Amino acid sequence: CKTRKHKFNIVMQNVTRLCHTRSMVTVNGKFPGPTIVCREGDRLLIEVVNHAKYNISIHWHGVRQLQSGWADGPAYITQCPIQIGKSFVYNFTVTRQRGTLFWHAHFSWLRATIYGPLVILPKRGVPYPFPKPYKEVIIIFGEWFNADPEEILSQSLQNGGNPNVSDAYTINGFPGPLYNCSSKETFKLKVKPKSTYLLRLINAVVNEELFFSIANHTMRVVEVDAVYVKPFNTRTILIAPGQTTNILLETKPYFPGAKFLMSARAYQNGPSTIDNSTGAAILQYEPPPSMKNKISAKMLPLLKPVLPQINDTSSATDYTSKLRSLANKKYPARVPLKVDKRFFLTVGLGTNPCPKNQTCLGPNGTKLTATVNNISFINLPTTALLQAYFYRKSKGVYTTDFPSKPLIPFDYTGTPPNNTMVMNATKSVVLPFNTSVELVMQDTSILGLENHPLHLHGFNVFVVGQGFGNYDPKNDPKNFNLQDPIERNTVGVPTGGWIAVRFLADNPGVWLMHCHYEIHISLGLRMTWIVLDGKLQSQKLPPPPADLPKC
Ligand code: C2O
């Protein structure tokens with residue numbers, strides 16, 4: 001195993017897309033940011049130096065951070081942000097996982113421009129559980145905003161309504177040919193015929209789940225969220241912000257020069273930000289050298305894939321129901337079979353009173369908010385929760401009484417209650433080391449049903465069940481899949497439905513869980529889990545690094 005060092009200079013950089021030039025915050029002047037490649041077992045030392053005009057922190061999304069919770073990165077959860085002019089070295093070892101993940105800023109909406117791939121290769125000599133691809137390619141989805149995302153956010157928080165949508169979806173930083181003033185800004189993947197490509201798809205989009213298809217081609221899904229799955233073929237994949245998907249793409253014996261569109265469009269079944277536009281890239285068959293000058297690419301039509309409609313929940317469900325973990329001898333599914341603690345959490349929207357002297361654009365003149373069990377974690381703490389926990393100074397920072405179920409049950413997916421007001425608080429759940437947890441997350445109809453991609457830091461969860469309507473604790477568990485449930489770090493709570501997951505709390509620290517739509521996290525759809533130390537030295541959270549940023 002190796003130690004790999006990287007330097008992330010956070011700098012402002014002018015970037016132009018859709019004929020708009022904007023000074024944006026970047027890593028090393030790049031958009032998207034640099035790719036980090038390592039192997040399972042490697043240690044990463046990433047020095048982040050903040051030369052920009054915002055405070056920042058970086059999160060290594062999906063990295064379990066076993067015994068290294070200080071390096072997880074969400075601002076005010078595991079660390080205070082890195083202030084302007086300051087630096088911090090993220091120091092962690094990637095153990096017990098391999099596959100495609102990504103990193104992104106975890107403060108405010110800075111991840112709109114600060115993100116990049118994180119590829120963990122298997123240990124040297126360990127093959128993939130599928131035939132070795134001819135080439136590996138990263139496809140990272142993002143969004144382009146003509147305006148400054150920080151301004152969009154602060155405006156929408158001020159007026160308490162929904163924010164503006166972005167102006168384009170991007171693939172590897174480019175909106176592609178379907179937007180105005182963008183045909184030159186297209187990512188092209190040049191391939192040779194009859195070869196296998198491994199595409200590492202990453203959804204770093206700010207506020208939307210995506211459908212993705214490639215014209216005339218089938219994709220073979222082999223991994224999600226850095227966990228191998230039972231391979232299956234599909235024409236369309238669904239990928240939520242925070243999720244990754246590895247697919248094998250078999251190229252055909254096509255006429256050289258043939259071009260196919262790869263496109264991504266939102267899946268969004270709810271009342272918030274809706275964007276029906278399509279990001280695209282081009283898959284192009286390379287002519288052999290002997291034919292290079294004889295073929296005019298213009299002669300060939302660009303074929304487009306058929307994507308599901310924006311609110312096509314049945315296509316979305318069809319896809320997710322096919323996902324199964326590999327669950328073989330070599331890659332067993334370690335789903336907890338017994339449960340120590342059960343939680344039933346409602347996720348959805350709500351309202352806050354509109355402050356005096358303000359006009360709020362939320363429902364009935366209120367401020368829009370988002371909650372877990374009617375608790376909105378919207379006000380940032382004064383210090384990082386992990387520090388407060390570690391030094392036993394939680395007083396005035398957080399309380400440990402997060403409820404394990406809604407205080408007032410209601411018909412979650414039916415007629416919403418009249419009172420949609422929520423409580424603003426920073427509450428945490430405390431779990432003894434190695435507690436096995438079952439967590440049912442239920443979407444609510446308060447201000448509208450909606451899909452929510454929920455991301456848990458520090459763990460993967462096993463999706464043992466999901467369904468529509470209200471969760472039925474008597475009957476639904478009878479159908480739980482404990483054999484080969486998909487294991488992932490970000491799960492989609494279905495629109496008007498529920499999802500049941502299990503995980504083992506074997507990682508001491510303070511771990512954030514939130515909707516991976518930035519608008520929902522900003523509105524308070526987040527909570528924290530505190531996992532206590534175990535008895536053994538290897539089950540304890542070590543003290544913080546000396547350079548951990550102070551608030
Ligand atoms: Cu990908 Cu808390 O984030």
# chains A, B, ... in the order shown; residues from 1 in each chain; ligands from 1
$ residues_around --residues "region 499-509 of chain A" --least-positions-apart "4" --cutoff "8 Å" --atoms "only C-alpha atoms" --output "PyMOL selection string"
chain A and resi 65-67+69+335-336+386+431-442+458-467+492-494+530-534+539-541
$ residues_near_ligand --ligand "ligand 1" --cutoff "8 Å" --atoms "only C-alpha atoms and all ligand atoms" --output "ChimeraX atom specification"
/A:59-62,74,102-104,106,241-242,455-457,512-514,516
$ closest_residue --among "A:Arg98, A:Phe145, A:Ile375, A:Thr317" --to "Pro127 (chain A)" --atoms "only C-alpha atoms"
A:Arg98
$ residues_around --residues "region 407-415 of chain A" --least-positions-apart "3" --cutoff "6 Å" --atoms "only C-alpha atoms" --output "JSON, numbers by chain"
{"A": [444, 445, 469, 496]}
$ select_by_dssp --residues "region 271-379 of chain A" --states "helix (DSSP H, G or I)" --output "PDB file with C-alpha atoms, in the first residue's frame"
ATOM      1  CA  PRO A 289      -6.079   5.042 -39.377  1.00  0.00           C
ATOM      2  CA  SER A 290      -6.313   3.922 -43.008  1.00  0.00           C
ATOM      3  CA  MET A 291      -9.773   5.441 -43.350  1.00  0.00           C
ATOM      4  CA  ALA A 297     -18.339  12.757 -39.769  1.00  0.00           C
ATOM      5  CA  LYS A 298     -20.968  15.160 -41.045  1.00  0.00           C
ATOM      6  CA  MET A 299     -22.335  12.477 -43.338  1.00  0.00           C
ATOM      7  CA  THR A 313     -41.771   6.792 -11.503  1.00  0.00           C
ATOM      8  CA  SER A 314     -42.493   3.362 -12.934  1.00  0.00           C
ATOM      9  CA  SER A 315     -39.294   3.428 -15.031  1.00  0.00           C
ATOM     10  CA  ALA A 316     -37.429   4.597 -11.960  1.00  0.00           C
ATOM     11  CA  THR A 317     -38.844   1.781  -9.824  1.00  0.00           C
ATOM     12  CA  ASP A 318     -38.262  -0.760 -12.558  1.00  0.00           C
ATOM     13  CA  TYR A 319     -34.611   0.077 -12.570  1.00  0.00           C
ATOM     14  CA  THR A 320     -33.998   0.188  -8.819  1.00  0.00           C
ATOM     15  CA  PRO A 363     -46.670  28.237   0.826  1.00  0.00           C
ATOM     16  CA  ASN A 364     -49.197  30.743   2.277  1.00  0.00           C
ATOM     17  CA  GLY A 365     -46.468  33.289   2.830  1.00  0.00           C
TER      18      GLY A 365
END
$ closest_residue --among "A:Arg392, A:Lys405, A:Lys322, A:His520" --to "Leu454 (chain A)" --atoms "only C-alpha atoms"
A:His520
$ residues_around --residues "Tyr76 (chain A)" --least-positions-apart "4" --cutoff "8 Å" --atoms "only C-alpha atoms" --output "number ranges by chain"
A: 80-81, 380-385
$ select_by_dssp --residues "region 383-498 of chain A" --states "strand (DSSP E)" --output "PyMOL selection string"
chain A and resi 423-424+428-431+435-443+452-456+461-468+487-488+490-493+497-498
$ atom_distance --atom1 "CA of His51 (chain A)" --atom2 "CA of Ile519 (chain A)"
26.0 Å
$ residues_around --residues "Thr35 (chain A)" --least-positions-apart "4" --cutoff "7 Å" --atoms "only C-alpha atoms" --output "ChimeraX atom specification"
/A:116-118
$ write_last_selection --atoms "C-alpha atoms" --output "compact mmCIF listing (two decimals), in the first residue's frame"
# COMPACT_ATOMS: atom_id res chain seq x y z
CA GLY A 116 -14.32 15.43 -8.85
CA PRO A 117 -14.02 11.64 -9.22
CA LEU A 118 -12.42 9.37 -6.63
$ atom_distance --atom1 "CA of Ala147 (chain A)" --atom2 "CA of Ile77 (chain A)"
28.3 Å
$ residues_around --residues "Ile10 (chain A)" --least-positions-apart "4" --cutoff "12 Å" --atoms "only C-alpha atoms" --output "compact mmCIF listing (two decimals) with C-alpha atoms, in the first residue's frame"
# COMPACT_ATOMS: atom_id res chain seq x y z
CA MET A 24 -16.28 30.34 -10.03
CA VAL A 25 -14.60 28.63 -7.13
CA THR A 26 -12.57 25.61 -8.30
CA VAL A 27 -9.90 23.15 -7.25
CA ASN A 28 -6.65 23.97 -9.05
CA GLY A 29 -8.59 26.03 -11.60
CA LYS A 30 -10.34 22.94 -12.96
CA PHE A 31 -14.04 22.30 -13.58
CA GLY A 33 -11.94 19.09 -10.30
CA PRO A 34 -9.04 16.63 -10.52
CA GLU A 47 -3.76 19.22 1.46
CA VAL A 48 -6.53 21.74 0.85
CA VAL A 49 -5.33 25.34 0.69
CA ASN A 50 -8.06 27.95 0.57
CA HIS A 51 -7.17 30.90 -1.69
CA ALA A 52 -10.76 31.63 -2.67
CA LYS A 53 -13.35 33.98 -1.29
CA TYR A 54 -15.47 31.43 0.57
CA ASN A 55 -14.88 29.22 3.58
CA ILE A 56 -14.86 25.60 2.49
CA SER A 57 -14.60 21.94 3.46
CA ILE A 58 -14.24 18.82 1.32
CA ILE A 82 -11.30 25.92 6.28
CA GLN A 83 -11.23 29.70 6.43
CA ILE A 84 -9.98 31.93 3.66
CA GLY A 85 -6.17 31.82 3.66
CA LYS A 86 -6.01 28.65 5.78
CA SER A 87 -5.33 25.00 4.97
CA PHE A 88 -6.07 21.51 6.24
CA ALA A 105 -17.27 20.59 -1.22
CA LEU A 110 -19.99 25.14 -3.21
CA THR A 113 -18.44 23.67 -8.88
CA ILE A 114 -16.14 21.86 -6.43
CA TYR A 115 -16.31 18.16 -7.18
$ residues_around --residues "Ala281 (chain A)" --least-positions-apart "4" --cutoff "9 Å" --atoms "only C-alpha atoms" --output "compact mmCIF listing (two decimals) with N, CA and C atoms, in the first residue's frame"
# COMPACT_ATOMS: atom_id res chain seq x y z
N THR A 170 -24.48 18.95 -17.03
CA THR A 170 -23.20 18.80 -17.73
C THR A 170 -22.73 17.36 -17.62
N ILE A 171 -21.95 16.95 -18.62
CA ILE A 171 -21.26 15.66 -18.58
C ILE A 171 -19.77 15.97 -18.69
N ASN A 172 -19.02 15.59 -17.71
CA ASN A 172 -17.60 15.94 -17.60
C ASN A 172 -17.39 17.45 -17.80
N PHE A 174 -19.31 19.60 -19.42
CA PHE A 174 -19.86 20.22 -20.63
C PHE A 174 -21.35 19.96 -20.81
N PRO A 175 -22.12 21.01 -21.13
CA PRO A 175 -23.57 20.84 -21.29
C PRO A 175 -23.94 20.00 -22.52
N GLY A 176 -23.14 20.08 -23.58
CA GLY A 176 -23.44 19.28 -24.76
C GLY A 176 -24.30 19.99 -25.77
N PRO A 177 -24.53 19.34 -26.91
CA PRO A 177 -25.07 19.99 -28.10
C PRO A 177 -26.56 20.33 -28.05
N THR A 186 -18.86 20.01 -25.80
CA THR A 186 -19.40 18.66 -25.73
C THR A 186 -18.30 17.68 -25.40
N PHE A 187 -18.56 16.81 -24.44
CA PHE A 187 -17.60 15.75 -24.17
C PHE A 187 -17.79 14.65 -25.21
N LYS A 188 -16.68 14.24 -25.85
CA LYS A 188 -16.74 13.18 -26.85
C LYS A 188 -15.95 11.98 -26.36
N LEU A 189 -16.60 10.84 -26.38
CA LEU A 189 -15.91 9.61 -26.02
C LEU A 189 -15.65 8.85 -27.31
N PHE A 260 -23.27 8.52 -31.49
CA PHE A 260 -24.46 8.28 -30.68
C PHE A 260 -24.46 9.24 -29.50
N LEU A 261 -25.64 9.73 -29.22
CA LEU A 261 -25.76 10.65 -28.10
C LEU A 261 -25.89 9.87 -26.79
N MET A 262 -25.20 10.33 -25.77
CA MET A 262 -25.39 9.81 -24.41
C MET A 262 -26.06 10.96 -23.66
N SER A 263 -27.26 10.74 -23.14
CA SER A 263 -27.96 11.88 -22.54
C SER A 263 -28.45 11.62 -21.13
N ALA A 264 -28.56 12.72 -20.40
CA ALA A 264 -29.01 12.69 -19.01
C ALA A 264 -30.07 13.75 -18.82
$ closest_residue --among "A:Tyr254, A:Phe344, A:Leu300, A:Leu525" --to "Pro473 (chain A)" --atoms "only C-alpha atoms"
A:Phe344
$ closest_residue --among "A:Cys360, A:Met527, A:Val222, A:Val227" --to "Ile486 (chain A)" --atoms "only C-alpha atoms"
A:Val227
$ atom_distance --atom1 "CA of Glu151 (chain A)" --atom2 "CA of Cys551 (chain A)"
23.0 Å
$ closest_residue --among "A:Tyr169, A:Phe130, A:Tyr331, A:Tyr391" --to "Ile247 (chain A)" --atoms "only C-alpha atoms"
A:Phe130
